[in-house]
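Novice: Got target-v6.cif for you, mmCIF, C-alpha atoms and all ligand atoms; chains and numbers go by the auth columns:
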data_structure
#
loop_
_atom_site.group_PDB
_atom_site.id
_atom_site.type_symbol
_atom_site.label_atom_id
_atom_site.label_comp_id
_atom_site.label_asym_id
_atom_site.label_seq_id
_atom_site.Cartn_x
_atom_site.Cartn_y
_atom_site.Cartn_z
_atom_site.B_iso_or_equiv
_atom_site.auth_seq_id
_atom_site.auth_asym_id
ATOM 1 C CA MET A 1 -1.334 106.057 78.524 0.00 1 M
ATOM 2 C CA LYS A 2 -1.847 103.932 75.384 0.00 2 M
ATOM 3 C CA LEU A 3 0.141 101.383 73.427 0.00 3 M
ATOM 4 C CA ILE A 4 -0.247 101.762 69.682 0.00 4 M
ATOM 5 C CA ILE A 5 0.690 98.687 67.677 0.00 5 M
ATOM 6 C CA ALA A 6 1.054 99.407 63.970 0.00 6 M
ATOM 7 C CA VAL A 7 1.782 96.752 61.357 0.00 7 M
ATOM 8 C CA VAL A 8 3.204 98.454 58.266 0.00 8 M
ATOM 9 C CA GLN A 9 4.825 97.385 55.038 0.00 9 M
ATOM 10 C CA ASP A 10 8.631 97.244 55.090 0.00 10 M
ATOM 11 C CA LYS A 11 8.684 99.863 52.288 0.00 11 M
ATOM 12 C CA ASP A 12 7.044 102.417 54.614 0.00 12 M
ATOM 13 C CA SER A 13 8.910 101.621 57.817 0.00 13 M
ATOM 14 C CA ALA A 14 11.920 103.934 57.294 0.00 14 M
ATOM 15 C CA LYS A 15 9.645 106.884 56.477 0.00 15 M
ATOM 16 C CA LEU A 16 7.413 106.203 59.482 0.00 16 M
ATOM 17 C CA ALA A 17 10.398 105.808 61.827 0.00 17 M
ATOM 18 C CA GLN A 18 11.830 109.107 60.545 0.00 18 M
ATOM 19 C CA ASN A 19 8.525 110.967 60.944 0.00 19 M
ATOM 20 C CA LEU A 20 8.035 109.651 64.488 0.00 20 M
ATOM 21 C CA VAL A 21 11.532 110.802 65.491 0.00 21 M
ATOM 22 C CA LYS A 22 10.866 114.199 63.879 0.00 22 M
ATOM 23 C CA GLU A 23 7.729 114.564 66.055 0.00 23 M
ATOM 24 C CA ASN A 24 9.587 113.360 69.168 0.00 24 M
ATOM 25 C CA ILE A 25 7.437 110.213 69.433 0.00 25 M
ATOM 26 C CA ARG A 26 9.223 107.169 70.852 0.00 26 M
ATOM 27 C CA ALA A 27 8.830 103.807 69.178 0.00 27 M
ATOM 28 C CA THR A 28 10.243 100.299 68.915 0.00 28 M
ATOM 29 C CA LYS A 29 10.437 98.497 65.578 0.00 29 M
ATOM 30 C CA LEU A 30 10.012 94.740 65.366 0.00 30 M
ATOM 31 C CA ALA A 31 10.573 92.598 62.296 0.00 31 M
ATOM 32 C CA SER A 32 7.358 90.654 61.666 0.00 32 M
ATOM 33 C CA THR A 33 5.755 88.383 59.088 0.00 33 M
ATOM 34 C CA GLY A 34 2.209 88.577 57.741 0.00 34 M
ATOM 35 C CA GLY A 35 0.189 85.452 58.396 0.00 35 M
ATOM 36 C CA PHE A 36 -1.441 85.514 54.951 0.00 36 M
ATOM 37 C CA LEU A 37 1.313 86.585 52.526 0.00 37 M
ATOM 38 C CA HIS A 38 4.148 85.162 54.642 0.00 38 M
ATOM 39 C CA ALA A 39 6.040 88.324 53.630 0.00 39 M
ATOM 40 C CA GLY A 40 8.111 90.492 55.925 0.00 40 M
ATOM 41 C CA ASN A 41 6.474 93.539 57.451 0.00 41 M
ATOM 42 C CA THR A 42 7.345 95.826 60.356 0.00 42 M
ATOM 43 C CA THR A 43 5.504 96.184 63.648 0.00 43 M
ATOM 44 C CA PHE A 44 5.894 99.432 65.577 0.00 44 M
ATOM 45 C CA LEU A 45 5.254 99.557 69.335 0.00 45 M
ATOM 46 C CA ILE A 46 4.512 103.131 70.321 0.00 46 M
ATOM 47 C CA GLY A 47 3.831 104.014 73.959 0.00 47 M
ATOM 48 C CA THR A 48 2.236 107.436 74.173 0.00 48 M
ATOM 49 C CA GLU A 49 0.042 109.771 76.190 0.00 49 M
ATOM 50 C CA ASP A 50 -3.721 109.548 75.549 0.00 50 M
ATOM 51 C CA HIS A 51 -3.918 113.039 74.051 0.00 51 M
ATOM 52 C CA LEU A 52 -1.268 112.163 71.433 0.00 52 M
ATOM 53 C CA VAL A 53 -3.020 109.061 70.053 0.00 53 M
ATOM 54 C CA ASP A 54 -4.772 110.892 67.204 0.00 54 M
ATOM 55 C CA HIS A 55 -1.567 112.737 66.327 0.00 55 M
ATOM 56 C CA VAL A 56 0.378 109.461 66.149 0.00 56 M
ATOM 57 C CA LYS A 57 -2.381 107.856 64.065 0.00 57 M
ATOM 58 C CA SER A 58 -2.207 110.723 61.576 0.00 58 M
ATOM 59 C CA ILE A 59 1.597 110.389 61.331 0.00 59 M
ATOM 60 C CA ILE A 60 1.107 106.686 60.578 0.00 60 M
ATOM 61 C CA GLN A 61 -1.593 107.462 58.022 0.00 61 M
ATOM 62 C CA GLN A 62 0.596 110.014 56.242 0.00 62 M
ATOM 63 C CA SER A 63 3.651 107.735 56.218 0.00 63 M
ATOM 64 C CA CYS A 64 2.076 104.516 54.968 0.00 64 M
ATOM 65 C CA LYS A 65 0.250 103.796 51.750 0.00 65 M
ATOM 66 C CA ALA A 66 -1.779 100.885 50.430 0.00 66 M
ATOM 67 C CA ARG A 67 -0.294 98.844 47.596 0.00 67 M
ATOM 68 C CA GLU A 68 -1.565 96.067 45.395 0.00 68 M
ATOM 69 C CA GLN A 69 0.409 92.882 45.632 0.00 69 M
ATOM 70 C CA VAL A 70 0.084 89.824 43.439 0.00 70 M
ATOM 71 C CA VAL A 71 0.179 86.625 45.424 0.00 71 M
ATOM 72 C CA ALA A 72 1.798 83.878 43.379 0.00 72 M
ATOM 73 C CA PRO A 73 0.182 80.450 43.544 0.00 73 M
ATOM 74 C CA MET A 74 1.556 78.318 46.356 0.00 74 M
ATOM 75 C CA SER A 75 1.747 74.598 45.918 0.00 75 M
ATOM 76 C CA PRO A 76 0.197 72.466 48.654 0.00 76 M
ATOM 77 C CA MET A 77 3.656 70.897 49.046 0.00 77 M
ATOM 78 C CA GLY A 78 5.356 74.240 49.808 0.00 78 M
ATOM 79 C CA ALA A 79 2.748 75.679 52.116 0.00 79 M
ATOM 80 C CA SER A 80 0.323 74.528 54.735 0.00 80 M
ATOM 81 C CA MET A 81 -3.184 73.738 53.478 0.00 81 M
ATOM 82 C CA GLU A 82 -4.737 76.783 55.128 0.00 82 M
ATOM 83 C CA SER A 83 -2.558 79.132 53.023 0.00 83 M
ATOM 84 C CA TYR A 84 -2.819 77.087 49.802 0.00 84 M
ATOM 85 C CA ILE A 85 -3.556 79.445 46.879 0.00 85 M
ATOM 86 C CA PRO A 86 -4.248 77.686 43.572 0.00 86 M
ATOM 87 C CA TYR A 87 -3.949 80.730 41.227 0.00 87 M
ATOM 88 C CA PRO A 88 -2.460 84.299 41.309 0.00 88 M
ATOM 89 C CA VAL A 89 -4.612 86.783 43.206 0.00 89 M
ATOM 90 C CA ASN A 90 -4.355 90.534 43.773 0.00 90 M
ATOM 91 C CA VAL A 91 -4.551 91.699 47.367 0.00 91 M
ATOM 92 C CA GLN A 92 -4.461 95.245 48.649 0.00 92 M
ATOM 93 C CA VAL A 93 -1.974 95.508 51.499 0.00 93 M
ATOM 94 C CA GLY A 94 -1.952 98.328 54.039 0.00 94 M
ATOM 95 C CA GLY A 95 -1.386 101.261 54.462 0.00 95 M
ATOM 96 C CA ALA A 96 -1.191 100.273 58.138 0.00 96 M
ATOM 97 C CA THR A 97 -3.069 98.021 60.548 0.00 97 M
ATOM 98 C CA VAL A 98 -3.321 99.842 63.859 0.00 98 M
ATOM 99 C CA PHE A 99 -4.343 98.640 67.321 0.00 99 M
ATOM 100 C CA VAL A 100 -4.711 100.995 70.315 0.00 100 M
ATOM 101 C CA LEU A 101 -4.504 99.373 73.759 0.00 101 M
ATOM 102 C CA ASP A 102 -4.777 100.739 77.296 0.00 102 M
ATOM 103 C CA ILE A 103 -1.541 100.489 79.271 0.00 103 M
ATOM 104 C CA GLU A 104 -2.048 99.353 82.854 0.00 104 M
ATOM 105 C CA GLN A 105 1.430 100.358 84.004 0.00 105 M
ATOM 106 C CA PHE A 106 4.449 102.004 82.434 0.00 106 M
ATOM 107 C CA ALA A 107 7.861 101.934 84.060 0.00 107 M
ATOM 108 C CA GLN A 108 11.431 102.568 83.072 0.00 108 M
ATOM 109 C CA PHE A 109 14.200 101.472 85.443 0.00 109 M
HETATM 110 P P1 LIG B . -0.823 89.506 55.873 0.00 201 M
HETATM 111 O O1 LIG B . -1.482 88.603 56.851 0.00 201 M
HETATM 112 O O2 LIG B . 0.308 88.915 55.078 0.00 201 M
HETATM 113 O O3 LIG B . -1.957 90.034 54.886 0.00 201 M
HETATM 114 C C1 LIG B . -1.633 90.806 53.726 0.00 201 M
HETATM 115 C C2 LIG B . -2.897 91.230 53.013 0.00 201 M
HETATM 116 O O4 LIG B . -3.551 90.070 52.512 0.00 201 M
HETATM 117 C C3 LIG B . -3.912 91.922 53.920 0.00 201 M
HETATM 118 O O5 LIG B . -3.619 93.293 53.987 0.00 201 M
HETATM 119 C C4 LIG B . -5.239 91.607 53.241 0.00 201 M
HETATM 120 O O6 LIG B . -5.477 92.500 52.164 0.00 201 M
HETATM 121 C C5 LIG B . -4.976 90.231 52.624 0.00 201 M
HETATM 122 N N1 LIG B . -5.477 89.146 53.467 0.00 201 M
HETATM 123 C C6 LIG B . -5.083 88.793 54.703 0.00 201 M
HETATM 124 N N2 LIG B . -5.741 87.711 55.139 0.00 201 M
HETATM 125 C C7 LIG B . -6.565 87.366 54.144 0.00 201 M
HETATM 126 C C8 LIG B . -7.525 86.307 53.949 0.00 201 M
HETATM 127 N N3 LIG B . -7.740 85.391 54.916 0.00 201 M
HETATM 128 N N4 LIG B . -8.204 86.272 52.766 0.00 201 M
HETATM 129 C C9 LIG B . -7.985 87.189 51.812 0.00 201 M
HETATM 130 N N5 LIG B . -7.090 88.191 51.912 0.00 201 M
HETATM 131 C C10 LIG B . -6.406 88.283 53.051 0.00 201 M
HETATM 132 P P2 LIG B . -3.898 94.105 55.338 0.00 201 M
HETATM 133 O O7 LIG B . -5.276 93.797 55.845 0.00 201 M
HETATM 134 O O8 LIG B . -3.570 95.541 55.051 0.00 201 M
HETATM 135 O O9 LIG B . -2.874 93.522 56.420 0.00 201 M
HETATM 136 C C11 LIG B . -1.472 93.767 56.330 0.00 201 M
HETATM 137 C C12 LIG B . -0.766 93.014 57.426 0.00 201 M
HETATM 138 O O10 LIG B . -1.213 93.534 58.697 0.00 201 M
HETATM 139 C C13 LIG B . -1.080 91.521 57.479 0.00 201 M
HETATM 140 O O11 LIG B . -0.226 90.797 56.583 0.00 201 M
HETATM 141 C C14 LIG B . -0.805 91.181 58.942 0.00 201 M
HETATM 142 O O12 LIG B . 0.606 91.063 59.156 0.00 201 M
HETATM 143 C C15 LIG B . -1.279 92.459 59.657 0.00 201 M
HETATM 144 N N6 LIG B . -2.671 92.314 60.099 0.00 201 M
HETATM 145 C C16 LIG B . -3.795 92.660 59.428 0.00 201 M
HETATM 146 N N7 LIG B . -4.895 92.430 60.168 0.00 201 M
HETATM 147 C C17 LIG B . -4.459 91.928 61.340 0.00 201 M
HETATM 148 C C18 LIG B . -5.133 91.483 62.514 0.00 201 M
HETATM 149 N N8 LIG B . -6.476 91.508 62.649 0.00 201 M
HETATM 150 N N9 LIG B . -4.382 91.002 63.526 0.00 201 M
HETATM 151 C C19 LIG B . -3.017 90.971 63.425 0.00 201 M
HETATM 152 N N10 LIG B . -2.320 91.382 62.328 0.00 201 M
HETATM 153 C C20 LIG B . -3.042 91.854 61.298 0.00 201 M
#
How would this structure read if it were set down as structure tokens?

Specialist:
Amino acid sequence: MKLIIAVVQDKDSAKLAQNLVKENIRATKLASTGGFLHAGNTTFLIGTEDHLVDHVKSIIQQSCKAREQVVAPMSPMGASMESYIPYPVNVQVGGATVFVLDIEQFAQF
């Protein structure tokens, strides 16, 4: 069994949740925040059988798209020095960042 962790943009999370339900794939949604943009995103935890991993990845791929986002300058006063951005920059965010992990044990009580 595998645990798929998918970080997706908030704009895609409703569509992904819907498509997972449609395909009878179980998932948990967590509200999360990107370390770079400090913007809200959504993290899906999806526990699934090994043979369904590629299917789940393709559902994620079809549900999430990349977007350009302009990052406004952040003053050194309002942000920590490591995220200080002196001028507007374009970054491409997403579609989805996906991790696939082995599950040692799975139990439901
Ligand atoms: P953020 O950390 O807010 O990053 C948003 C986008 O900013 C990234 O999109 C990337 O294009 C850019 N970016 C991030 N760090 C950067 C840096 N040090 N310098 C320049 N540009 C940078 P994605 O790569 O599509 O990532 C979207 C979100 O997925 C991330 O939001 C983060 O929440 C998550 N993520 C991405 N890679 C991850 C990783 N290796 N581990 C954990 N979470 C990750």

Novice: Would you pick out the contacts of M:Ile5 at 6 Å or less, using all atoms listed in the file, so that residues sharing its chain but fewer than 6 positions from it are not included, and give the list as a list in words?

Specialist: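 The filter keeps Phe44, Leu45, Val98 and Phe99 of chain M.
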
Novice: Could you tell me which residues the PyMOL selection byres (((chain M and resi 89-93) around 8) and not hetatm) returns for this structure, as an MDAnalysis selection string?

Specialist: chainID M and resid 9 66:73 87:88 94:95

Novice: Please write out the residues within 7 Å of ligand LIG 201 (chain M) as a PyMOL selection string, counting all atoms listed in the file.

Specialist: chain M and resi 7-8+33-39+41+91-97

Novice: Work out how far atom CA of M:Ala14 is from atom CA of M:Leu30, in Å to one decimal.

Specialist: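 Calculated distance between atom CA of M:Leu30 and atom CA of M:Ala14 is 12.4 Å.
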
Novice: Can you work out which one of M:Leu52, M:Ala17, M:Ile25, M:Val100 has the shortest atom-to-atom distance to M:Cys64, counting all atoms listed in the file?

Specialist: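 Looking at the shortest contact to M:Cys64, the residue is M:Ala17.
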
Novice: Which is closest to M:Thr43 among M:Ser13, M:His55, M:Gln62, M:Phe109, if we use all atoms listed in the file?

Specialist: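 For M:Thr43, the nearest of the given residues is M:Ser13.
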
Novice: Choose the residue, out of M:Pro86, M:Asp10, M:Ile46, M:Val56, that has the smallest atom-to-atom separation from M:Thr28; count only C-alpha atoms.

Specialist: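 Closest to M:Thr28 of all the choices is M:Ile46.
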
Novice: Decode the PyMOL selection byres (((chain M and resi 50) around 6) and not hetatm) for the given file into explicit residues and return them as a PyMOL selection string.

Specialist: chain M and resi 1-2+49+51-53

Novice: Have a look at M:Ala27, M:Leu3, M:Leu101, M:Ile59 and name the one nearest to M:Lys15; count all atoms listed in the file.

Specialist: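 Checking each of M:Ala27, M:Leu3, M:Leu101, M:Ile59 against M:Lys15, counting all atoms listed in the file, the winner is M:Ile59.
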
Novice: Could you jot down the atom CA of M:Ala107 to atom CA of M:Gln61 separation for me, Å, one decimal place?

Specialist: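 Rounded to one decimal, the two atoms are 28.2 Å apart.
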
Novice: Calculated over all atoms listed in the file, which of the candidates M:Gln18, M:Ala6, M:Ser63, M:Ile103 has the smallest distance to M:Ser32?

Specialist: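 Closest to M:Ser32, using all atoms listed in the file: M:Ala6.
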
Novice: So the first atom is atom CA of M:Glu104 and the second is atom CA of M:Leu16; what is the distance between them in Å, to one decimal place?

Specialist: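 Atom CA of M:Leu16 lies at a distance of 26.1 Å from atom CA of M:Glu104.
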
Novice: Between M:Thr42, M:Lys65, M:Lys57, M:Gly47, which has the minimum distance to M:Gln108 (counting only C-alpha atoms)?

Specialist: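 Using only C-alpha atoms, the shortest distance to M:Gln108 belongs to M:Gly47.
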